[in-house]
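A.B. asks: Could you have a look at this structure, given as structure tokens, before my questions?
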Amino acid sequence: MPGRDEEAAARRPRKRKGGGGCVAPAASRLAAARAGSECQQGNAPAKGQARYDASLARLFTWLSPAFPVGGFSYSHGFEWVIEAGSIKNPADLKNWIEDVLEHGAGRSDLIFLAEAWRAVQSGDAVRLEEVAALAAAFAASAERRLETLAQGAAFLAAVGAVWPQPALADLMRSHQIAYPIAVGASSAAHGLPLPATAQAFLQAFAANLVSVGVRLVPLGQTDGLRVLAGLEPVLARLLEVGLGATLQDVGGAAILIDIASMRHETQYTRLFRS
């Protein structure tokens with residue numbers, strides 16, 4: 001028969017090998033679950049350490065595919081490129097998206113977003129107006145202009161309805177606000193950080209183009225994820241360069257995608273608005 005000291009030792013929690021917390025004896029596990037275990041798992045945050053990041057959560061919402069800006073209905077000219085046979089597989093899709101990101105709207109929209117954020121953050125209404133006018137004029141085709149202005153207006157309308165902010169009142173009265181301007185200005189007005197906003201915006205843009213390829217080529221969902229994963233270094237590089245740029249650095253050389261957007265206007269069968 002074991003003594004009292006041995007019985008007490010058997011009821012105490014034992015250290016797990018390797019330092020990963022502790023394990024209660026089998027006989028006491030039910031009681032520990034009811035009363036609150038004495039063991040704390042090594043990987044679990046201590047009480048009070050977990051913190052809800054409201055800024056990050058709001059960006060997740062604003063740049064989610066479910067946010068009502070109609071992003072799913074725009075292909076950025078990719079519908080014509082795919083019909084013409086220039087995108088047939090995941091490698092083709094990745095190459096086209098990479099060019100658009102680095103030499104087309106990806107880079108220029110990132111600069112516009114950052115400039116709009118800085119203008120609102122500093123309270124410079126004149127600077128914001130100039131950036132907004134340039135961004136609206138930068139679309140190379142009628143459909144690209146529709147794509148960015150319609151999404152910008154829809155974004156501001158949704159944000160204004162749910163997260164009203166007086167600093168955005170003048171912007172919301174305009175119908176010529178490009179999408180990156182709307183996102184950058186709204187983010188600054190609500191105190192959201194520029195780097196996180198820019199990263200979420202780029203990621204959403206790339207993901208939408210991947211979705212176009214998945215639907216039209218067509219590609220499998222796993223292929224689409226591989227393309228998006230392959231773009232991660234491009235997005236990281238673009239974010240670093242874009243946030244250090246100014247309006248003097250805005251420019252593009254994605255000529256084929258601009259031509260594709262123009263030809264899409266007369267494409268016989270179309271699922272997308274651009």
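We name chains A, B, ... following the order of the structure tokens; residues begin at 1 in each chain, and ligands are numbered from 1 as shown.
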With the cut-off set at 6 Å and counting only C-alpha atoms, tabulate each residue of segment 64-134 of chain A with an atom at most that distance from an atom of segment 244-263 of chain A, showing the nearest atom pair and its distance in Å to one decimal, ordered by chain and increasing number, as CSV.
C.D. replies:
residue,atom,partner,partner_atom,distance
A:Gly77,CA,A:Ser261,CA,4.1
A:Trp80,CA,A:Ala260,CA,5.8
A:His103,CA,A:Gly252,CA,5.1
A:Gly104,CA,A:Ala254,CA,5.0
A:Ser108,CA,A:Val250,CA,5.6
A.B. asks: Keeping only N, CA and C atoms, take the residues you just selected and write them out as a JSON list (two decimals), in the first residue's frame.
C.D. replies:
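Contents of result_12.json, freshly written:
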[["chain", "number", "residue", "atom", "x", "y", "z"],
["A", 77, "GLY", "N", -8.33, 43.66, -68.01],
["A", 77, "GLY", "CA", -7.89, 43.31, -69.36],
["A", 77, "GLY", "C", -7.48, 41.87, -69.53],
["A", 80, "TRP", "N", -9.35, 39.49, -72.12],
["A", 80, "TRP", "CA", -8.94, 39.48, -73.53],
["A", 80, "TRP", "C", -7.62, 38.74, -73.70],
["A", 103, "HIS", "N", 5.26, 46.86, -63.25],
["A", 103, "HIS", "CA", 5.38, 47.87, -64.31],
["A", 103, "HIS", "C", 4.07, 48.55, -64.66],
["A", 104, "GLY", "N", 2.98, 48.12, -64.03],
["A", 104, "GLY", "CA", 1.67, 48.68, -64.36],
["A", 104, "GLY", "C", 0.96, 49.25, -63.16],
["A", 108, "SER", "N", 1.97, 51.84, -59.64],
["A", 108, "SER", "CA", 1.46, 53.21, -59.65],
["A", 108, "SER", "C", 0.34, 53.39, -58.62]]
A.B. asks: Under the rule of at most 12 Å, produce a per-residue listing of segment 71-145 of chain A near segment 230-233 of chain A: chain, number, name, the closest pair of atoms, and the distance in Å, as CSV, using only C-alpha atoms.
C.D. replies:
residue,atom,partner,partner_atom,distance
A:Pro90,CA,A:Gly230,CA,10.2
A:Ala91,CA,A:Gly230,CA,9.6
A:Leu93,CA,A:Leu231,CA,10.6
A:Lys94,CA,A:Leu231,CA,7.2
A:Asn95,CA,A:Leu231,CA,9.3
A:Trp96,CA,A:Leu231,CA,11.0
A:Ile97,CA,A:Leu231,CA,8.4
A:Glu98,CA,A:Leu231,CA,7.0
A:Asp99,CA,A:Leu231,CA,10.8
A:Val100,CA,A:Leu231,CA,11.6
A:Leu101,CA,A:Leu231,CA,9.5
A:Glu102,CA,A:Leu231,CA,10.9
A.B. asks: Can you work out which one of A:His190, A:His76, A:Arg270, A:Arg173 has the shortest atom-to-atom distance to Leu59 of chain A, counting only C-alpha atoms?
C.D. replies: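 Closest candidate: A:His190.
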A.B. asks: Could you state the separation of atom CA of Gly152 of chain A and atom CA of Leu194 of chain A in Å, given to one decimal place?
C.D. replies: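 Straight-line distance from atom CA of Gly152 of chain A to atom CA of Leu194 of chain A works out to 17.8 Å.
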A.B. asks: So, with only C-alpha atoms as the atoms that count, which of A:Leu235, A:Leu56, A:Ala84, A:Ala153 lies closest to Pro180 of chain A?
C.D. replies: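 Once distances to Pro180 of chain A are computed over only C-alpha atoms, the minimum belongs to A:Ala153.
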A.B. asks: Env of Asp223 of chain A: 9 Å cut, atoms = only C-alpha atoms, seq-sep filter 4 positions within chain, self excluded. Answer as a list of chain:residue names.
C.D. replies: A:Asn89, A:Pro90, A:Val214, A:Leu219, A:Val227, A:Leu228
A.B. asks: Residues within 8 Å of Asn208 of chain A, please, as a VMD selection string. Count only C-alpha atoms; anything in the same chain fewer than 6 positions from it doesn't count.
C.D. replies: chain A and resid 65 71 to 72 75
A.B. asks: Quick one: residues within 12 Å of Arg127 of chain A, only C-alpha atoms counted, chain neighbours fewer than 4 positions away excluded, as a ChimeraX atom specification?
C.D. replies: /A:112,115-123,131-134,181,185,247
A.B. asks: Could you name the residues that touch Ala137 of chain A at 12 Å or less, counting only C-alpha atoms, but leaving out those on the same chain fewer than 5 positions away, as number ranges by chain?
C.D. replies: A: 112, 130-132, 142, 144-146, 148-149, 176-178
A.B. asks: Those residues with C-alpha atoms, as a PDB file, in the first residue's frame please?
C.D. replies:
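out01.pdb, written as the output of this step:
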ATOM      1  CA  PHE A 112      -1.110  56.935 -55.291  1.00  0.00           C
ATOM      2  CA  GLU A 130      -3.944  66.869 -56.883  1.00  0.00           C
ATOM      3  CA  VAL A 131      -3.162  63.209 -56.186  1.00  0.00           C
ATOM      4  CA  ALA A 132      -6.793  62.223 -56.783  1.00  0.00           C
ATOM      5  CA  ALA A 142     -12.201  53.699 -70.745  1.00  0.00           C
ATOM      6  CA  ARG A 144      -9.715  50.807 -66.732  1.00  0.00           C
ATOM      7  CA  ARG A 145     -11.078  54.210 -65.788  1.00  0.00           C
ATOM      8  CA  LEU A 146     -14.452  52.624 -65.030  1.00  0.00           C
ATOM      9  CA  THR A 148     -10.843  52.257 -60.689  1.00  0.00           C
ATOM     10  CA  LEU A 149     -13.467  55.028 -60.363  1.00  0.00           C
ATOM     11  CA  GLN A 176     -13.816  60.952 -59.715  1.00  0.00           C
ATOM     12  CA  ILE A 177     -11.980  59.159 -56.916  1.00  0.00           C
ATOM     13  CA  ALA A 178      -9.782  56.255 -57.999  1.00  0.00           C
TER      14      ALA A 178
END
A.B. asks: Which residues in segment 146-248 of chain A does DSSP call alpha helix (DSSP H)? List them as number ranges by chain.
C.D. replies: A: 146-162, 169-172, 179-189, 194-216, 221-230, 232-242
A.B. asks: Take the residues that were just selected and, keeping C-alpha atoms, output them as an mmCIF file, in the first residue's frame.
C.D. replies:
data_model
loop_
_atom_site.group_PDB
_atom_site.id
_atom_site.type_symbol
_atom_site.label_atom_id
_atom_site.label_comp_id
_atom_site.auth_asym_id
_atom_site.auth_seq_id
_atom_site.Cartn_x
_atom_site.Cartn_y
_atom_site.Cartn_z
ATOM 1 C CA LEU A 146 -14.452 52.624 -65.030
ATOM 2 C CA GLU A 147 -12.728 49.919 -62.993
ATOM 3 C CA THR A 148 -10.843 52.257 -60.689
ATOM 4 C CA LEU A 149 -13.467 55.028 -60.363
ATOM 5 C CA ALA A 150 -16.420 52.702 -59.797
ATOM 6 C CA GLN A 151 -14.538 50.752 -57.138
ATOM 7 C CA GLY A 152 -13.360 53.980 -55.513
ATOM 8 C CA ALA A 153 -16.906 55.335 -55.301
ATOM 9 C CA ALA A 154 -18.263 52.028 -53.981
ATOM 10 C CA PHE A 155 -15.509 51.797 -51.383
ATOM 11 C CA LEU A 156 -16.144 55.307 -50.061
ATOM 12 C CA ALA A 157 -19.900 54.717 -49.986
ATOM 13 C CA ALA A 158 -19.527 51.524 -47.941
ATOM 14 C CA VAL A 159 -16.998 53.028 -45.530
ATOM 15 C CA GLY A 160 -19.098 56.174 -45.121
ATOM 16 C CA ALA A 161 -22.237 54.180 -44.364
ATOM 17 C CA VAL A 162 -20.659 51.975 -41.698
ATOM 18 C CA ALA A 169 -16.794 64.250 -46.390
ATOM 19 C CA ASP A 170 -15.299 66.286 -49.255
ATOM 20 C CA LEU A 171 -13.851 63.189 -50.902
ATOM 21 C CA MET A 172 -17.195 61.382 -50.818
ATOM 22 C CA TYR A 179 -9.787 53.109 -55.883
ATOM 23 C CA PRO A 180 -6.259 53.493 -54.390
ATOM 24 C CA ILE A 181 -7.060 57.088 -53.400
ATOM 25 C CA ALA A 182 -10.231 55.967 -51.642
ATOM 26 C CA VAL A 183 -8.399 53.240 -49.726
ATOM 27 C CA GLY A 184 -5.405 55.390 -48.791
ATOM 28 C CA ALA A 185 -7.484 58.362 -47.673
ATOM 29 C CA SER A 186 -9.932 56.233 -45.680
ATOM 30 C CA SER A 187 -7.107 54.385 -43.978
ATOM 31 C CA ALA A 188 -5.419 57.617 -42.879
ATOM 32 C CA ALA A 189 -8.706 59.163 -41.731
ATOM 33 C CA LEU A 194 0.210 52.925 -44.076
ATOM 34 C CA PRO A 195 2.470 49.832 -44.439
ATOM 35 C CA ALA A 196 -0.296 47.416 -43.451
ATOM 36 C CA THR A 197 -2.816 49.215 -45.682
ATOM 37 C CA ALA A 198 -0.466 49.118 -48.667
ATOM 38 C CA GLN A 199 0.336 45.442 -48.157
ATOM 39 C CA ALA A 200 -3.325 44.467 -47.841
ATOM 40 C CA PHE A 201 -4.185 46.500 -50.958
ATOM 41 C CA LEU A 202 -1.455 44.862 -53.068
ATOM 42 C CA GLN A 203 -2.359 41.395 -51.818
ATOM 43 C CA ALA A 204 -6.031 41.932 -52.679
ATOM 44 C CA PHE A 205 -5.152 43.218 -56.165
ATOM 45 C CA ALA A 206 -2.930 40.223 -56.911
ATOM 46 C CA ALA A 207 -5.500 37.792 -55.501
ATOM 47 C CA ASN A 208 -8.239 39.239 -57.698
ATOM 48 C CA LEU A 209 -6.131 38.762 -60.843
ATOM 49 C CA VAL A 210 -5.330 35.199 -59.802
ATOM 50 C CA SER A 211 -9.059 34.603 -59.350
ATOM 51 C CA VAL A 212 -9.654 35.805 -62.921
ATOM 52 C CA GLY A 213 -7.171 33.233 -64.197
ATOM 53 C CA VAL A 214 -8.668 30.444 -62.099
ATOM 54 C CA ARG A 215 -12.106 31.159 -63.554
ATOM 55 C CA LEU A 216 -11.188 31.806 -67.188
ATOM 56 C CA GLN A 221 -7.757 26.291 -56.973
ATOM 57 C CA THR A 222 -4.427 24.750 -55.975
ATOM 58 C CA ASP A 223 -2.772 26.131 -59.100
ATOM 59 C CA GLY A 224 -4.147 29.542 -58.221
ATOM 60 C CA LEU A 225 -2.696 29.303 -54.729
ATOM 61 C CA ARG A 226 0.687 28.318 -56.170
ATOM 62 C CA VAL A 227 0.642 31.419 -58.380
ATOM 63 C CA LEU A 228 -0.232 33.622 -55.404
ATOM 64 C CA ALA A 229 2.504 32.026 -53.299
ATOM 65 C CA GLY A 230 5.001 32.571 -56.115
ATOM 66 C CA GLU A 232 4.977 36.801 -52.472
ATOM 67 C CA PRO A 233 8.598 37.919 -53.117
ATOM 68 C CA VAL A 234 7.356 40.304 -55.820
ATOM 69 C CA LEU A 235 4.799 41.839 -53.473
ATOM 70 C CA ALA A 236 7.395 42.236 -50.717
ATOM 71 C CA ARG A 237 9.851 43.933 -53.074
ATOM 72 C CA LEU A 238 7.190 46.184 -54.546
ATOM 73 C CA LEU A 239 5.963 47.244 -51.105
ATOM 74 C CA GLU A 240 9.435 48.295 -50.022
ATOM 75 C CA VAL A 241 10.121 50.256 -53.201
ATOM 76 C CA GLY A 242 6.645 51.767 -53.543
#
